[in-house]
Structures are given as C-alpha cells and as structure tokens.
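What's in entry-v3.tsv: TSV, C-alpha atoms
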chain	number	residue	atom	x	y	z
R	1	MET	CA	163.63	86.05	89.17
R	2	THR	CA	166.63	84.23	87.73
R	3	ALA	CA	168.95	81.94	89.66
R	4	ASP	CA	171.71	84.55	89.42
R	5	VAL	CA	169.73	87.25	91.22
R	6	PRO	CA	170.39	86.95	94.97
R	7	LEU	CA	167.42	86.40	97.22
R	8	THR	CA	166.91	89.08	99.86
R	9	ARG	CA	164.79	89.46	102.96
R	10	GLU	CA	162.13	91.01	100.71
R	11	SER	CA	162.10	87.87	98.53
R	12	PHE	CA	160.13	86.02	101.21
R	13	ARG	CA	156.53	86.63	102.30
R	14	ARG	CA	157.03	86.40	106.02
R	15	LEU	CA	160.20	86.20	108.04
R	16	HIS	CA	160.52	86.41	111.78
R	17	PRO	CA	163.93	87.22	113.26
R	18	ILE	CA	165.44	85.05	115.96
R	19	SER	CA	163.69	86.17	119.15
R	20	THR	CA	166.08	84.65	121.70
R	21	PRO	CA	169.55	84.34	120.14
R	22	ARG	CA	172.01	81.94	121.76
R	23	PRO	CA	175.64	81.75	120.58
R	24	VAL	CA	176.65	78.43	119.04
R	25	SER	CA	179.98	77.41	120.60
R	26	GLN	CA	180.80	74.63	118.13
R	27	LEU	CA	181.21	75.79	114.51
R	28	PRO	CA	181.91	73.88	111.29
R	29	ASP	CA	185.60	73.56	110.36
R	30	ARG	CA	184.82	73.74	106.66
R	31	VAL	CA	186.22	76.52	104.51
R	32	TRP	CA	183.87	77.31	101.65
R	33	THR	CA	185.59	78.37	98.42
R	34	ASP	CA	185.02	81.81	96.91
R	35	GLU	CA	182.84	80.14	94.24
R	36	GLU	CA	180.79	78.40	96.92
R	37	TRP	CA	180.44	81.67	98.85
R	38	ASP	CA	179.14	83.30	95.65
R	39	ARG	CA	176.48	80.58	95.44
R	40	ILE	CA	175.64	80.85	99.17
R	41	GLN	CA	175.13	84.61	98.72
R	42	ARG	CA	172.40	83.90	96.15
R	43	GLY	CA	170.38	82.21	98.91
R	44	TYR	CA	167.79	79.49	98.65
R	45	ARG	CA	163.99	79.39	98.52
R	46	ALA	CA	162.03	76.22	99.31
R	47	ARG	CA	160.48	75.04	96.05
R	48	ASP	CA	157.55	73.11	97.51
R	49	MET	CA	155.78	72.27	100.76
R	50	ASP	CA	158.16	69.40	101.54
R	51	GLU	CA	161.24	71.61	101.67
R	52	LYS	CA	161.95	73.02	105.10
R	53	TRP	CA	164.47	75.89	104.71
R	54	ASN	CA	164.84	79.36	103.19
R	55	ALA	CA	168.14	81.22	103.26
R	56	PHE	CA	169.51	84.60	102.30
R	57	VAL	CA	172.63	86.67	102.98
R	58	GLU	CA	172.95	90.25	104.18
R	59	GLY	CA	176.55	91.45	104.23
R	60	ASP	CA	178.53	88.53	105.65
R	61	VAL	CA	175.62	86.94	107.55
R	62	LEU	CA	173.66	83.93	106.29
R	63	PHE	CA	170.11	83.83	107.68
R	64	MET	CA	168.43	80.40	107.76
R	65	HIS	CA	164.66	80.37	108.32
R	66	ARG	CA	162.09	77.58	108.45
R	67	SER	CA	160.07	77.78	105.25
R	68	TRP	CA	156.59	77.18	106.71
R	69	THR	CA	156.73	79.43	109.76
R	70	GLY	CA	159.29	81.97	108.59
R	71	HIS	CA	161.01	81.68	111.98
R	72	GLY	CA	164.72	82.41	112.00
R	73	VAL	CA	166.67	79.46	113.38
R	74	TYR	CA	170.31	80.15	112.52
R	75	GLU	CA	172.40	83.21	111.70
R	76	ALA	CA	175.96	82.42	110.62
R	77	SER	CA	178.55	85.19	110.23
R	78	PHE	CA	181.20	84.38	107.62
R	79	ALA	CA	184.74	85.74	107.54
R	80	PRO	CA	187.40	85.56	104.83
R	81	VAL	CA	190.21	83.05	105.28
R	82	ILE	CA	193.83	83.81	104.40
R	83	GLY	CA	194.49	82.13	101.06
R	84	GLY	CA	190.86	82.35	99.92
R	85	GLY	CA	187.44	81.17	100.86
R	86	ARG	CA	185.30	81.81	103.91
R	87	ARG	CA	184.39	80.06	107.11
R	88	ILE	CA	181.77	80.60	109.77
R	89	ALA	CA	183.36	82.86	112.40
R	90	SER	CA	180.34	83.01	114.72
R	91	ALA	CA	176.73	81.91	114.79
R	92	VAL	CA	173.57	82.13	116.84
R	93	VAL	CA	170.60	79.78	117.14
R	94	GLU	CA	167.03	80.38	118.25
R	95	ALA	CA	166.77	79.44	121.94
R	96	ASP	CA	163.00	79.98	122.30
R	97	VAL	CA	161.64	76.42	122.62
R	98	GLU	CA	158.28	77.57	121.23
R	99	ARG	CA	160.06	78.35	117.94
R	100	TYR	CA	162.84	75.75	117.81
R	101	ARG	CA	163.70	72.76	119.96
R	102	ARG	CA	167.43	72.50	119.93
R	103	THR	CA	169.41	69.50	121.09
R	104	GLY	CA	172.84	71.07	121.55
R	105	ASP	CA	175.78	72.74	119.86
R	106	GLU	CA	177.01	69.56	118.13
R	107	TYR	CA	173.62	69.20	116.43
R	108	ASP	CA	173.43	72.92	115.55
R	109	CYS	CA	176.95	72.85	114.09
R	110	LEU	CA	176.03	69.88	111.92
R	111	MET	CA	172.68	71.38	110.88
R	112	MET	CA	174.20	74.69	109.76
R	113	GLU	CA	176.77	72.89	107.63
R	114	LEU	CA	174.14	70.50	106.28
R	115	ILE	CA	171.74	73.29	105.30
R	116	ILE	CA	174.55	75.07	103.48
R	117	SER	CA	176.03	71.96	101.85
R	118	ALA	CA	172.99	69.82	101.00
R	119	ILE	CA	170.31	72.46	100.50
R	120	ILE	CA	171.96	75.67	99.31
R	121	LEU	CA	174.87	74.08	97.40
R	122	GLY	CA	173.07	70.85	96.46
R	123	GLU	CA	175.96	68.60	97.53
R	124	PRO	CA	175.36	64.92	98.41
R	125	ALA	CA	176.81	65.54	101.92
R	126	ALA	CA	176.62	61.83	102.79
R	127	ASP	CA	178.81	62.13	105.91
R	128	LEU	CA	176.78	65.06	107.23
R	129	ARG	CA	173.52	63.22	106.54
R	130	ALA	CA	174.81	60.15	108.40
R	131	GLY	CA	175.82	62.41	111.30
R	132	LEU	CA	172.33	63.90	111.41
R	133	VAL	CA	170.76	60.45	111.62
R	134	GLU	CA	173.22	59.40	114.34
R	135	LEU	CA	172.65	62.52	116.47
R	136	THR	CA	168.88	62.27	116.05
R	137	ALA	CA	168.90	58.60	117.04
R	138	ARG	CA	171.07	59.36	120.07
R	139	ALA	CA	168.78	62.20	121.19
R	140	SER	CA	165.66	60.05	120.77
R	141	GLY	CA	167.16	56.98	122.43
R	142	ARG	CA	166.25	54.89	119.39
R	143	SER	CA	168.65	53.07	117.10
R	144	ASP	CA	166.11	52.07	114.43
R	145	LEU	CA	165.30	55.46	112.90
R	146	PRO	CA	165.06	55.27	109.07
R	147	ALA	CA	167.58	57.70	107.53
R	148	GLY	CA	165.14	58.91	104.88
R	149	VAL	CA	162.50	59.79	107.46
R	150	VAL	CA	164.99	61.71	109.63
R	151	GLU	CA	166.40	63.64	106.66
R	152	HIS	CA	162.98	64.48	105.26
R	153	SER	CA	161.54	65.59	108.60
R	154	VAL	CA	164.46	67.90	109.42
R	155	LEU	CA	165.76	69.00	106.02
R	156	GLY	CA	162.95	68.33	103.58
R	157	LEU	CA	165.29	66.06	101.64
R	158	ARG	CA	164.98	62.43	100.85
R	159	SER	CA	167.98	60.18	101.40
R	160	GLY	CA	170.47	60.84	98.60
R	161	SER	CA	168.50	63.70	97.02
Rendering of file as structure tokens:
Amino acid sequence: MTADVPLTRESFRRLHPISTPRPVSQLPDRVWTDEEWDRIQRGYRARDMDEKWNAFVEGDVLFMHRSWTGHGVYEASFAPVIGGGRRIASAVVEADVERYRRTGDEYDCLMMELIISAIILGEPAADLRAGLVELTARASGRSDLPAGVVEHSVLGLRSGS
C-alpha cells in the first residue's frame, strides 16, 4: 500500500468503536489547510509497537484509535471553512473508563490537535507538546515529569521527534 492510498477501517486488523461517546465541548481553533486535510484523509498507521495511534477518515469524520487495543478514543467531524480549509466542528471522546481515562475537555481538545499535528501531519508541534506535559503534570500533581516520558507514554513520540 503506498502512502497516497488512504487508509480505511479495513486497513486495520481490529477496531472497536467508541462504546460510550461523550461530546467534547472544547474544540481546537486551528483551521487545517486543504492540503493538510488531504493528508489527514490518508490516515495514519502506527509503524511499530512504540507508536500509540491509528487514524482514518470516513466522509468528514476522523477516527482516532489506540494502536494496541484498537479502541476508538476520538471521533472528530470536520467542516469546510469559508475561504478554504477545514476545522473540527464537533467531536466525541470515549467516556468508558475501562477503555480510556479522560481528564477533561481541555486535555481532549489538546490531544486531538496533537494527534493530528504531530502524528498524522508530522509537525514538530512544540507548543502542543508543552501543553500536554503541563496538563499531565497538573493532573498528576507533580511538577517534575520528564517531557520525553510524558510524550512517549501518551503519543508514542519522543521529545522533538
């Protein structure tokens, strides 16, 4: 399969839909360009055991699943923006704590944008990465969390990769 052939639901061995969808009230402000949307539509498959996310698009909905379990975590519905590009118009997150332990809409908003930016598009996303570390530290009550460990455990990325 070449990089230009979009991944589909059938491209993955096992996928489990979100069992208990909960609307995400805080959404990213970012407008993705038409070129970025084209890349997002091609999806993403984890390349090794360290990577944590798989993604594919059906229609205008981006499905983001954990790579090991196949559990759906986020579904983001995109809508065109006047003047070009697309933004997330609505999203849901898995609310079943047996499948995903969420920490709130601010975290989910950041995670959706980070998965799209850093994983699917391969952007450095330094500000988003720093936000992830900050929110994780706040939720844990610790201020000494190493950025690389946080990023790798949640995203499957090493700091700066």
(request) Measuring atom to atom with all atoms listed in the file, identify which of R:Leu132, R:Ala125, R:Ile115, R:Val24 is nearest to Asn54 in chain R. (result)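 Using all atoms listed in the file, Asn54 in chain R sits closest to R:Ile115.
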(request) Pick out the residues sitting within 9 Å of Phe12 in chain R, and hand them over as a ChimeraX atom specification; count only C-alpha atoms, and ignore anything fewer than 4 positions along from it in its own chain. (result) /R:7-8,45,54,70
(request) Select all residues near (176.4, 72.9, 123.3) (cut-off 9 Å, inclusive, file coordinates), counting only C-alpha atoms, and output them as a ChimeraX atom specification. (result) /R:24-26,103-108
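Rounded to one decimal, CA of Leu110 in chain R and CA of Leu128 in chain R lie 6.8 Å from each other.
Rounded to one decimal, CA of Arg47 in chain R and CA of Thr20 in chain R lie 28.0 Å from each other.
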(request) Compare R:Ala55, R:Ala139, R:Ala126, R:Met64 by their minimum atom-to-atom distance to Arg101 in chain R, counting all atoms listed in the file, and give me the closest one. (result) R:Ala139
Each side padded by 5 Å, which centre and which edge lengths in Å (one decimal) define the axis-aligned box around the listed atoms of range 67-78 of chain R? Give them as JSON.
{"center_x": 168.9, "center_y": 81.2, "center_z": 109.3, "size_x": 34.6, "size_y": 18.0, "size_z": 18.1}
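Taking all atoms listed in the file into account, those protein, DNA and RNA residues with any atom at most 10 Å away from (170.0, 80.0, 100.2) amount to Pro6, Leu7, Thr8, Arg39, Ile40, Gln41, Arg42, Gly43, Tyr44, Arg45, Ala46, Trp53, Asn54, Ala55, Phe56, Val57, Leu62, Phe63, Met64, His65, Ile115, Ile116, Ile119, Ile120 and Leu121 of chain R.
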Can you list, as a PDB file with C-alpha atoms, in the frame of the given file, every protein, DNA or RNA residue that comes within 12 Å of Asp127 in chain R when you count only C-alpha atoms, leaving out same-chain residues fewer than 2 positions away?
ATOM      1  CA  LEU R 110     176.030  69.880 111.920  1.00  0.00           C
ATOM      2  CA  GLU R 113     176.770  72.890 107.630  1.00  0.00           C
ATOM      3  CA  LEU R 114     174.140  70.500 106.280  1.00  0.00           C
ATOM      4  CA  SER R 117     176.030  71.960 101.850  1.00  0.00           C
ATOM      5  CA  ALA R 118     172.990  69.820 101.000  1.00  0.00           C
ATOM      6  CA  GLU R 123     175.960  68.600  97.530  1.00  0.00           C
ATOM      7  CA  PRO R 124     175.360  64.920  98.410  1.00  0.00           C
ATOM      8  CA  ALA R 125     176.810  65.540 101.920  1.00  0.00           C
ATOM      9  CA  ARG R 129     173.520  63.220 106.540  1.00  0.00           C
ATOM     10  CA  ALA R 130     174.810  60.150 108.400  1.00  0.00           C
ATOM     11  CA  GLY R 131     175.820  62.410 111.300  1.00  0.00           C
ATOM     12  CA  LEU R 132     172.330  63.900 111.410  1.00  0.00           C
ATOM     13  CA  VAL R 133     170.760  60.450 111.620  1.00  0.00           C
ATOM     14  CA  GLU R 134     173.220  59.400 114.340  1.00  0.00           C
ATOM     15  CA  SER R 159     167.980  60.180 101.400  1.00  0.00           C
ATOM     16  CA  GLY R 160     170.470  60.840  98.600  1.00  0.00           C
TER      17      GLY R 160
END
(message) Between R:Ile18, R:Ala79, R:Leu27, R:Val5, which residue has the minimum interatomic distance to Ala95 in chain R, considering all atoms listed in the file?
(response)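 Distance minimum relative to Ala95 in chain R lands on R:Ile18.
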